[in-house]
Amino acid sequence: MTAHLDSISSGDPKVRAPGADDNGSGVATLIEAARMFNGMKFKRTIKIIFFTGEETGLHGSRAYINDYRQELNDVVGVFNLDMFGYDANNDRCFEMHVGWLKSSNVIGGCLADTIEAYDIDLNFEYLIREARGSSDHVSFWNEGIGAVEVLENFDTHHFVDGCGQSDINPFYHTENDLLKAMNTDTGHAIAKAAIAAVARLAEPVAP
């Protein structure tokens, strides 16, 4: 599970770049996952990784790839949580950026199946050709490792039963990216789905 800690604003980011949505939403989810998984046992290892330098060129995830290259063959997949706390129209729809790798489809499929299995009130667009390459999941794609980015309804796609028009946070990369603008109910549901999907993929072991 990955999320980037750094934030940026169109003003002076050294003075004010609160980043509640981008990417406090992802960071908070990783913290909650660490709390929930504490004491649990899984067949597979779960790594919870907070990256820095995402906003200025994916520096943290690229450094991780370089520093832990010997472990990459053992990576089953990556859930990259980056900015999913805004939902002004309350349609509970988000984007799942899966891309072309077959191994990414395993991760995307796990998340989609988890939402269905637990009847989580969410809608999503499963993006392959339209998948964005602008967050830390790309560092893993470049190594042939399956990875999916979880993102709010950032772009307009014209899918039947999709998210429809873009519902991007208007305060994205500004000094007003604050909690008060977020839809915490939708964000919480997405966080639950991601945590549950990671647990399912790691296969819990009964105590």
# chains A, B, ... in the order shown; residues from 1 in each chain; ligands from 1

call {"tool": "select_by_dssp", "arguments": {"residues": "segment 124-154 of chain A", "states": "alpha helix (DSSP H)", "output": "list in words"}}
result
His137, Val138, Ser139, Phe140 and Trp141 of chain A

call {"tool": "closest_atom_pairs", "arguments": {"of": "segment 6-74 of chain A", "to": "segment 162-184 of chain A", "cutoff": "8 Å", "atoms": "only C-alpha atoms", "output": "JSON lines"}}
result
{"residue": "A:Ser7", "atom": "CA", "partner": "A:His173", "partner_atom": "CA", "distance": 7.6}
{"residue": "A:Ile8", "atom": "CA", "partner": "A:His173", "partner_atom": "CA", "distance": 5.6}
{"residue": "A:Ser9", "atom": "CA", "partner": "A:Thr174", "partner_atom": "CA", "distance": 4.2}
{"residue": "A:Ser10", "atom": "CA", "partner": "A:Thr174", "partner_atom": "CA", "distance": 5.3}
{"residue": "A:Gly11", "atom": "CA", "partner": "A:Thr174", "partner_atom": "CA", "distance": 6.8}
{"residue": "A:Arg16", "atom": "CA", "partner": "A:Glu175", "partner_atom": "CA", "distance": 5.8}
{"residue": "A:Ala17", "atom": "CA", "partner": "A:Glu175", "partner_atom": "CA", "distance": 5.2}
{"residue": "A:Pro18", "atom": "CA", "partner": "A:Asp177", "partner_atom": "CA", "distance": 6.1}
{"residue": "A:Gly19", "atom": "CA", "partner": "A:Asp177", "partner_atom": "CA", "distance": 5.3}
{"residue": "A:Ala20", "atom": "CA", "partner": "A:Leu178", "partner_atom": "CA", "distance": 5.0}
{"residue": "A:Asp21", "atom": "CA", "partner": "A:Asp177", "partner_atom": "CA", "distance": 6.3}
{"residue": "A:Asp22", "atom": "CA", "partner": "A:Tyr172", "partner_atom": "CA", "distance": 6.9}

call {"tool": "closest_residue", "arguments": {"among": "A:Cys93, A:Ile145, A:Leu201, A:Leu151", "to": "Arg69 of chain A", "atoms": "only C-alpha atoms"}}
result
A:Ile145

call {"tool": "select_by_dssp", "arguments": {"residues": "segment 11-196 of chain A", "states": "strand (DSSP E)", "output": "NGL selection string"}}
result
:A and (41-42 or 49-51 or 78-81 or 93-97 or 123-127 or 147-152)

call {"tool": "residues_around", "arguments": {"residues": "Asp113 of chain A", "least_positions_apart": "2", "cutoff": "12 Å", "atoms": "only C-alpha atoms", "output": "list in words"}}
result
Asn105, Val106, Ile107, Gly108, Gly109, Cys110, Leu111, Ile115, Glu116, Ala117, Tyr118, Asp119, Ile120, Leu122, Phe124, Ala193, Ala194, Ala196, Ala197, Val198, Arg200 and Leu201 of chain A

call {"tool": "atom_distance", "arguments": {"atom1": "atom CA of Ala3 of chain A", "atom2": "atom CA of Glu143 of chain A"}}
result
18.3 Å

call {"tool": "residues_around", "arguments": {"residues": "Leu127 of chain A", "least_positions_apart": "2", "cutoff": "8 Å", "atoms": "only C-alpha atoms", "output": "PyMOL selection string"}}
result
chain A and resi 95-99+125+129-131

call {"tool": "residues_around", "arguments": {"residues": "Val76 of chain A", "least_positions_apart": "2", "cutoff": "12 Å", "atoms": "only C-alpha atoms", "output": "list of chain:residue names"}}
result
A:Met1, A:Arg44, A:Thr45, A:Ile46, A:Lys47, A:Glu71, A:Leu72, A:Asn73, A:Asp74, A:Val78, A:Phe79, A:Lys102, A:Ser103, A:Ser104, A:Asn105, A:Val106, A:Ile107, A:Cys110, A:Phe140, A:Gly144, A:Ile145, A:Gly146, A:Ala147, A:Val148, A:Val198, A:Leu201, A:Ala202

call {"tool": "closest_residue", "arguments": {"among": "A:His157, A:His4, A:Lys41, A:Arg92", "to": "Gly57 of chain A", "atoms": "only C-alpha atoms"}}
result
A:His4

call {"tool": "atom_distance", "arguments": {"atom1": "atom CA of Arg35 of chain A", "atom2": "atom CA of Gly187 of chain A"}}
result
17.8 Å

call {"tool": "residues_around", "arguments": {"residues": "Arg62 of chain A", "least_positions_apart": "2", "cutoff": "12 Å", "atoms": "only C-alpha atoms", "output": "PyMOL selection string"}}
result
chain A and resi 51-54+56-60+64-69+135-143

call {"tool": "closest_residue", "arguments": {"among": "A:Glu55, A:Asp91, A:Asp12, A:Asp155", "to": "Thr186 of chain A", "atoms": "only C-alpha atoms"}}
result
A:Asp91

call {"tool": "decode", "arguments": {"residues": "segment 92-108 of chain A", "atoms": "all heavy atoms", "output": "tab-separated table (two decimals), in the first residue's frame"}}
result
chain	number	residue	atom	x	y	z
A	92	ARG	N	-20.56	8.94	-5.43
A	92	ARG	CA	-19.73	7.88	-4.84
A	92	ARG	C	-18.94	7.14	-5.92
A	92	ARG	O	-18.72	5.94	-5.84
A	92	ARG	CB	-20.58	6.92	-4.02
A	92	ARG	CG	-21.41	7.62	-2.95
A	92	ARG	CD	-22.27	6.66	-2.16
A	92	ARG	NE	-21.47	5.82	-1.28
A	92	ARG	CZ	-21.00	6.18	-0.09
A	92	ARG	NH1	-21.23	7.41	0.37
A	92	ARG	NH2	-20.30	5.34	0.65
A	93	CYS	N	-18.50	7.89	-6.93
A	93	CYS	CA	-17.79	7.30	-8.06
A	93	CYS	C	-16.33	7.73	-8.06
A	93	CYS	O	-16.03	8.92	-7.87
A	93	CYS	CB	-18.48	7.72	-9.37
A	93	CYS	SG	-18.09	6.63	-10.77
A	94	PHE	N	-15.43	6.78	-8.26
A	94	PHE	CA	-14.01	7.09	-8.31
A	94	PHE	C	-13.37	6.37	-9.50
A	94	PHE	O	-14.01	5.56	-10.16
A	94	PHE	CB	-13.32	6.70	-7.00
A	94	PHE	CG	-13.18	5.22	-6.77
A	94	PHE	CD1	-11.99	4.56	-7.07
A	94	PHE	CD2	-14.22	4.47	-6.24
A	94	PHE	CE1	-11.85	3.19	-6.86
A	94	PHE	CE2	-14.10	3.10	-6.03
A	94	PHE	CZ	-12.91	2.46	-6.33
A	95	GLU	N	-12.11	6.69	-9.75
A	95	GLU	CA	-11.38	6.11	-10.88
A	95	GLU	C	-10.35	5.10	-10.39
A	95	GLU	O	-9.62	5.36	-9.43
A	95	GLU	CB	-10.69	7.20	-11.69
A	95	GLU	CG	-11.65	8.18	-12.33
A	95	GLU	CD	-10.95	9.33	-13.03
A	95	GLU	OE1	-9.70	9.42	-12.97
A	95	GLU	OE2	-11.65	10.14	-13.65
A	96	MET	N	-10.31	3.97	-11.06
A	96	MET	CA	-9.34	2.93	-10.79
A	96	MET	C	-8.40	2.87	-12.00
A	96	MET	O	-8.79	2.43	-13.08
A	96	MET	CB	-10.06	1.60	-10.59
A	96	MET	CG	-9.30	0.57	-9.81
A	96	MET	SD	-10.21	-1.02	-9.75
A	96	MET	CE	-11.70	-0.55	-8.88
A	97	HIS	N	-7.18	3.37	-11.85
A	97	HIS	CA	-6.23	3.45	-12.96
A	97	HIS	C	-5.41	2.16	-13.00
A	97	HIS	O	-4.46	1.99	-12.24
A	97	HIS	CB	-5.36	4.69	-12.82
A	97	HIS	CG	-6.13	5.96	-13.00
A	97	HIS	ND1	-6.12	6.68	-14.17
A	97	HIS	CD2	-6.98	6.60	-12.17
A	97	HIS	CE1	-6.92	7.73	-14.05
A	97	HIS	NE2	-7.46	7.70	-12.84
A	98	VAL	N	-5.79	1.26	-13.91
A	98	VAL	CA	-5.24	-0.08	-13.95
A	98	VAL	C	-4.15	-0.22	-15.02
A	98	VAL	O	-3.11	-0.85	-14.79
A	98	VAL	CB	-6.36	-1.11	-14.22
A	98	VAL	CG1	-5.80	-2.53	-14.25
A	98	VAL	CG2	-7.44	-0.99	-13.15
A	99	GLY	N	-4.36	0.33	-16.21
A	99	GLY	CA	-3.36	0.21	-17.26
A	99	GLY	C	-3.37	-1.16	-17.93
A	99	GLY	O	-4.28	-1.96	-17.73
A	100	TRP	N	-2.31	-1.43	-18.72
A	100	TRP	CA	-2.29	-2.58	-19.61
A	100	TRP	C	-1.68	-3.84	-19.02
A	100	TRP	O	-1.87	-4.94	-19.54
A	100	TRP	CB	-1.50	-2.22	-20.87
A	100	TRP	CG	-2.18	-1.19	-21.72
A	100	TRP	CD1	-1.87	0.14	-21.79
A	100	TRP	CD2	-3.28	-1.38	-22.61
A	100	TRP	NE1	-2.70	0.79	-22.66
A	100	TRP	CE2	-3.58	-0.12	-23.18
A	100	TRP	CE3	-4.03	-2.49	-22.97
A	100	TRP	CZ2	-4.60	0.06	-24.10
A	100	TRP	CZ3	-5.06	-2.33	-23.88
A	100	TRP	CH2	-5.34	-1.06	-24.44
A	101	LEU	N	-0.92	-3.76	-17.94
A	101	LEU	CA	-0.24	-4.93	-17.41
A	101	LEU	C	-1.25	-5.96	-16.90
A	101	LEU	O	-2.19	-5.62	-16.19
A	101	LEU	CB	0.70	-4.54	-16.27
A	101	LEU	CG	1.94	-3.72	-16.61
A	101	LEU	CD1	2.68	-3.35	-15.33
A	101	LEU	CD2	2.86	-4.49	-17.55
A	102	LYS	N	-1.03	-7.23	-17.24
A	102	LYS	CA	-1.91	-8.29	-16.74
A	102	LYS	C	-1.87	-8.34	-15.21
A	102	LYS	O	-2.88	-8.60	-14.55
A	102	LYS	CB	-1.50	-9.63	-17.33
A	102	LYS	CG	-1.79	-9.77	-18.82
A	102	LYS	CD	-1.42	-11.17	-19.31
A	102	LYS	CE	-1.74	-11.31	-20.80
A	102	LYS	NZ	-1.36	-12.66	-21.31
A	103	SER	N	-0.69	-8.11	-14.65
A	103	SER	CA	-0.56	-8.15	-13.20
A	103	SER	C	-1.31	-7.00	-12.54
A	103	SER	O	-1.79	-7.13	-11.40
A	103	SER	CB	0.93	-8.11	-12.80
A	103	SER	OG	1.60	-7.05	-13.47
A	104	SER	N	-1.46	-5.88	-13.23
A	104	SER	CA	-2.26	-4.78	-12.69
A	104	SER	C	-3.74	-5.15	-12.69
A	104	SER	O	-4.49	-4.73	-11.80
A	104	SER	CB	-2.05	-3.50	-13.52
A	104	SER	OG	-0.75	-2.99	-13.36
A	105	ASN	N	-4.14	-5.92	-13.68
A	105	ASN	CA	-5.54	-6.36	-13.73
A	105	ASN	C	-5.89	-7.24	-12.54
A	105	ASN	O	-7.03	-7.23	-12.06
A	105	ASN	CB	-5.80	-7.11	-15.03
A	105	ASN	CG	-7.27	-7.40	-15.25
A	105	ASN	OD1	-8.09	-6.50	-15.38
A	105	ASN	ND2	-7.60	-8.68	-15.27
A	106	VAL	N	-4.92	-7.99	-12.04
A	106	VAL	CA	-5.15	-8.80	-10.84
A	106	VAL	C	-5.48	-7.89	-9.65
A	106	VAL	O	-6.41	-8.17	-8.88
A	106	VAL	CB	-3.91	-9.67	-10.52
A	106	VAL	CG1	-4.07	-10.37	-9.17
A	106	VAL	CG2	-3.68	-10.69	-11.63
A	107	ILE	N	-4.73	-6.79	-9.54
A	107	ILE	CA	-4.94	-5.86	-8.43
A	107	ILE	C	-6.26	-5.12	-8.60
A	107	ILE	O	-7.06	-5.01	-7.66
A	107	ILE	CB	-3.77	-4.86	-8.33
A	107	ILE	CG1	-2.43	-5.60	-8.30
A	107	ILE	CG2	-3.92	-3.99	-7.10
A	107	ILE	CD1	-2.32	-6.65	-7.24
A	108	GLY	N	-6.50	-4.62	-9.80
A	108	GLY	CA	-7.75	-3.93	-10.06
A	108	GLY	C	-8.95	-4.85	-9.88
A	108	GLY	O	-9.98	-4.45	-9.31
